[in-house]
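Beneath this line is the structure, given in C-alpha cells, with notes to follow.
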Amino acid sequence: MTENGKQAYFTRQATGLVRQIGAFDSFVYNQSYINVGMILLYAFLFGAALYPAGSLWLAIALGALIAVPTALVHGMLAAAFPRSGGEYVYNSRILSPAWGFASNWNITLWLFFYMGVGCNWFSVYGLSPLFRFLGTRTDSTSLLQLSGWVAGKHGAFIIGTLTLVIVTALYCRKMMLAVRLQRAWFILGVIGLLIIVAALTFTSKADYTSAYNGYYEKVMGVPDGYSATLAKAKELGFVAGGFALLATFIALYWPANFFFWGNASTYLGGEVRHASKTQLYSMPAAVIFSCLLAIVALAAFGKTVGKELIGAVGYTALISPLDSPGFIYSELGAIACGTFFGTIALIGCAYWAVAFVFSVLGAMTRNLLAWSLDRVMPDGLSAVHDRFHTPIAAIVIGAIACEVGLFLFTYVPAFAVMVGIFGAYLTFMTTSISAALFPFRKKDLFDLSPVNWRIGGFPVITLVGLLSFLGLLVLDLSVFSDPYSGVSINPATDAGTGAGVPFRMFWINLGVFLSGFAVYFAAKSIRKAQGTDISLAFKEIPPE
Amino acid sequence: MVGKEELNAYSCTLEQVASELVRKANARGIPLCLFGGLAVRIACRGILNREQPLARPINDIDFASYSLHRRVLSTIFEESGMMPWNEFNILNASQHLKFTLLVERTEVRVDVVLDAVRMCHTIPLTGRLLVDKLCILPTDLLLTKLQIVELTERDAADLAAMFLAFRFTRGLREGDRDDVKVDYIGALCSKDWGLHRTVTGNLKRLCDVSGRLLTPSGQALLRKNCKTLATAIHQAPKSTIWRFRSLFGERIRWYKVPEEV
C-alpha cells in the first residue's frame, strides 16, 4: 500500500453493508430454478417417451441456446435496477405501473403454484425412488411399501405439506438458514448426478441390463425386466428409433422450458452482493452449466441405459402406470451403483426434486414485500417478526398459496402437467419487451446503467430483448404443438385429462395474467379513496 | 466551498442530534451507542483540538444497538423525524437499519447496526453496549476502524486520534476506565486469521503514515501504543482454526467487501 512513502487511500464514503447473497448463492439459486434434475426427468418421461424420434441432446442444446437471451435480459435489467422485486421494478418503471404489477403478479402466482408442485415432486421423485432403492437393496418390504405410499396422492400431499412447513419455518426463522441448507444440498445434488454419470460411464450395457433385471424383479416380481419393459411399451404403442426434426421441435418443450427459469436472483436484487456483475453473469452461467451437465448425463444414460429403454419406461409410466415400475432418471442411474453410492446419488438427486421449493419462497416473498411497500397491497404484508426479524406475514401467505398449488397439482388432473408454463412466459415476454424499450423509454437511466452498451449505436439490451422474445415465441409454439403440454389453443385437444381441458387451461393462463391488471386498478382506487396516489411510487427507482 | 468553522458547527449539530436520540433510547432502557467518525470526534475531543490534521468533517451518524430493540428504535427514530429505508430495514431487519434525516437542508444518513458491526470483519457487540454511554467502548471503537481493509484517509486519521487519546492496557474485561483492552483484541484476532491479518496490517500501515499526520511526540506515542497492541495480538494463543486458515494465507481472500448502499 505504501509506495515511495506516499500513502494510497481508498475512497469509501460511508458505512458499507456486506450483502448476504454472494455470487455462488446467486448461481445456486438460478441453477436450482432451472433444475437440471427436472430437465432430465421430464426429458425422459415426456420427451423420450412420447417423441422417441426426437433427439434429446439436440432439444437440450437448442433449448439452452434460445434461453440464453432471456437469462441475459434478466441479468442486464437486474444490473441496471439492483432492487428486490424482479420485473415488478423494471416493467413498472419502463412500461407502466399496471404492466409491472400484472406481470409480477402473474409470475408470483404461478411460482407459488410450482412451489407446491416442488413439494409434491420431493415426495414422488425424491423420496420414493430413494426408499425403493434402499428397500430393494436391503430386501425391506417396509421400505418398498413406504416408497409406494409417498408416491401416491395422499402420501405426496402429506409429505409435501410437511416439506412446505419445514421450509417455511426455516425462512421464518432466518433466511440464511434456508440458503445455507440449499447451498449444501445443491452441492450434494451435483455430486449425486456426477456419481450416476460416472457409474453409467464405467458400466457396460450387458452389466447394466443384468443389474436392471435384478432390480426390476425385486420391484415388479417379474424376471428379465429389460425385455419385459420393452415388450410392455411396444404392446401399448411405443415405437422406438429414428430421427425426426419435427419430433425434436415438439419434444424441445420438455427440457427447454426449464432453461428459461434462470432468473431467481432478480427477485432478491437488493440482497445480492456486487449485483451489477453477479446478476449479469450468474444467470447465463446457470443456463450454460445446466445445459452442459444435462448433456453429459444424457451421454452417459444413452451409452449404458439406452434411449429405447428410457423411452419405454417413460411411455409405460404415462400410458399405463400400473404396468410400470415408474423408474425415473435418478433410479435408473442408481441401479448401476453399489448400495452406498446409489444411496448418496439418490439423496443428492432428491435435491433437484425439492430445489424449487427453497428458491421460490425466498424470491416470491420479495415480490409481496415490494407490493406492500408501494401500497398496492396491505401494509401488514411487510410486517417483520419482532424476534426472528423476518417478513413473516409475506412468508406465511406465500406458503398458504403454495399449499393450494400442492393441492391442485396432487388432486386436480387438469393441473397435473406443466400447465402454467405458458402463462409464466407471458411475464418473461413482457420483460423482454421492457428490456428492448429500456434505452428509448428511460434513456437517462439506461445511459447511467452498467449495461449501456451499444453495437454500431444500437443498444445491446434492445437486441437481447428481441432475441429473448423470439426464443419465448419459439417455445410457445412448441407448447401449442404438443398435445401433452396441458395447454392448447385447440378446443378439441385431449391430453388425457378430458377433451377441452387444455384449451380451458390456456384461458386460465391468460386470465391469471389479466387478473393482475384488475387487482392493480382495484388497489389504486382503494388507495385513492384513502387519500394515497400509489402511482407516485413508480416515478423513481425504489430506495432500498 | 464550505469553511472549516461551518463544518465544525455542522458536526456539532449532528452531535446534538445523536445525543438526543441516545437520550431517548436510554430513557426506555435501550442501549444506543455511537461509533464511526462522530464517536471518534466525541471520544478523542482533546486530541483533535491539539492535533488539528486529524480533525475531519462528519457526514453521517452511526449507531450500534441490539436487534431485540429494533421495533422500539424504529419508532424513536421515526418520531424524531427520520425517514426509514423501508425495504432495506425489512430485508436487513436482524442486523442493520437505515434512516435519512434532514439537518440544515442536508440529508444525513443514519445507520444502526444491530448486535455486531459486520463490515470487512465481524466485530461482536453482544453484551458490550451500555445504557448511559454515548459511544461504544474504546476497544470496540478502535476495532471498528482496525477491521477496515481499504482504509480511507479519514479512517487513518480516526485511528491515529484513538491511538493518541486512549490508554492501552492489558486485560480482557472492560473496567470502569475508558481504556483499550489489548488482550480482548488479541483474543478476537487469535480466533480469526483474517481479522488478525487486517488488524496487524493496519497497525503497520498506521505507523508508516503517522509521519504525515502527527507531530514527533504524537508519532512516538502512537508507535508505543501500536507496539503494545501488536505484542498482545502476537502473544495471544492461536486457535486450531486460526492455524489451519493461516496455511492458505493471502491466497484466499480473508475479508468481506462491504458495498455502498
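Ordered as shown in the C-alpha cells, chains take letters A, B, and onward, while each chain numbers its residues from 1 and ligands are numbered from 1 in the order shown.
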Test item: residues at most 6 Å from region 196-210 of chain A, only C-alpha atoms, excluding those fewer than 2 positions along its chain, as a PyMOL selection string: chain A and resi 193-194+212-213+297+300+304+333+336-337
Interface list for chain B, partner chain A, 6 Å threshold, only C-alpha atoms, as a list in words: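 Therefore, the residues near the partner are Trp85, Glu87, Phe88, Ala93, Ser94, Met119, Glu150, Thr152, Glu153, Pro258, Glu259 and Glu260 of chain B.
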Selection file, C-alpha atoms, as a PDB file, in the first residue's frame:
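Written output follows (part.pdb):
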```
ATOM      1  CA  TRP B  85     -35.397   2.963   4.376  1.00  0.00           C
ATOM      2  CA  GLU B  87     -37.273  -2.133   2.097  1.00  0.00           C
ATOM      3  CA  PHE B  88     -33.734  -2.139   3.420  1.00  0.00           C
ATOM      4  CA  ALA B  93     -34.015  -6.367   9.998  1.00  0.00           C
ATOM      5  CA  SER B  94     -31.773  -8.594  12.078  1.00  0.00           C
ATOM      6  CA  MET B 119     -18.111  -4.995   7.519  1.00  0.00           C
ATOM      7  CA  GLU B 150      -9.419  -0.464   2.449  1.00  0.00           C
ATOM      8  CA  THR B 152      -9.524   5.867   3.736  1.00  0.00           C
ATOM      9  CA  GLU B 153      -7.563   8.921   4.797  1.00  0.00           C
ATOM     10  CA  PRO B 258     -18.867  -4.101   2.092  1.00  0.00           C
ATOM     11  CA  GLU B 259     -20.783  -2.222  -0.576  1.00  0.00           C
ATOM     12  CA  GLU B 260     -22.204   1.249  -0.652  1.00  0.00           C
TER      13      GLU B 260
END
```
Straight-line distance linking CA of Ile34 (chain A) with CA of Ala286 (chain A), stated in Å to one decimal: 7.6 Å
Long-range neighbours of Phe131 (chain A) as a PyMOL selection string, 6 Å cut-off, only C-alpha atoms, 4 positions minimum in chain: chain A and resi 135+143+147
Test item, helix (DSSP H, G or I) assignment across region 3-252 of chain B, answer as a count of residues only: 142
Straight-line distance linking CA of Gly423 (chain A) with CA of Leu510 (chain A), stated in Å to one decimal: 6.3 Å
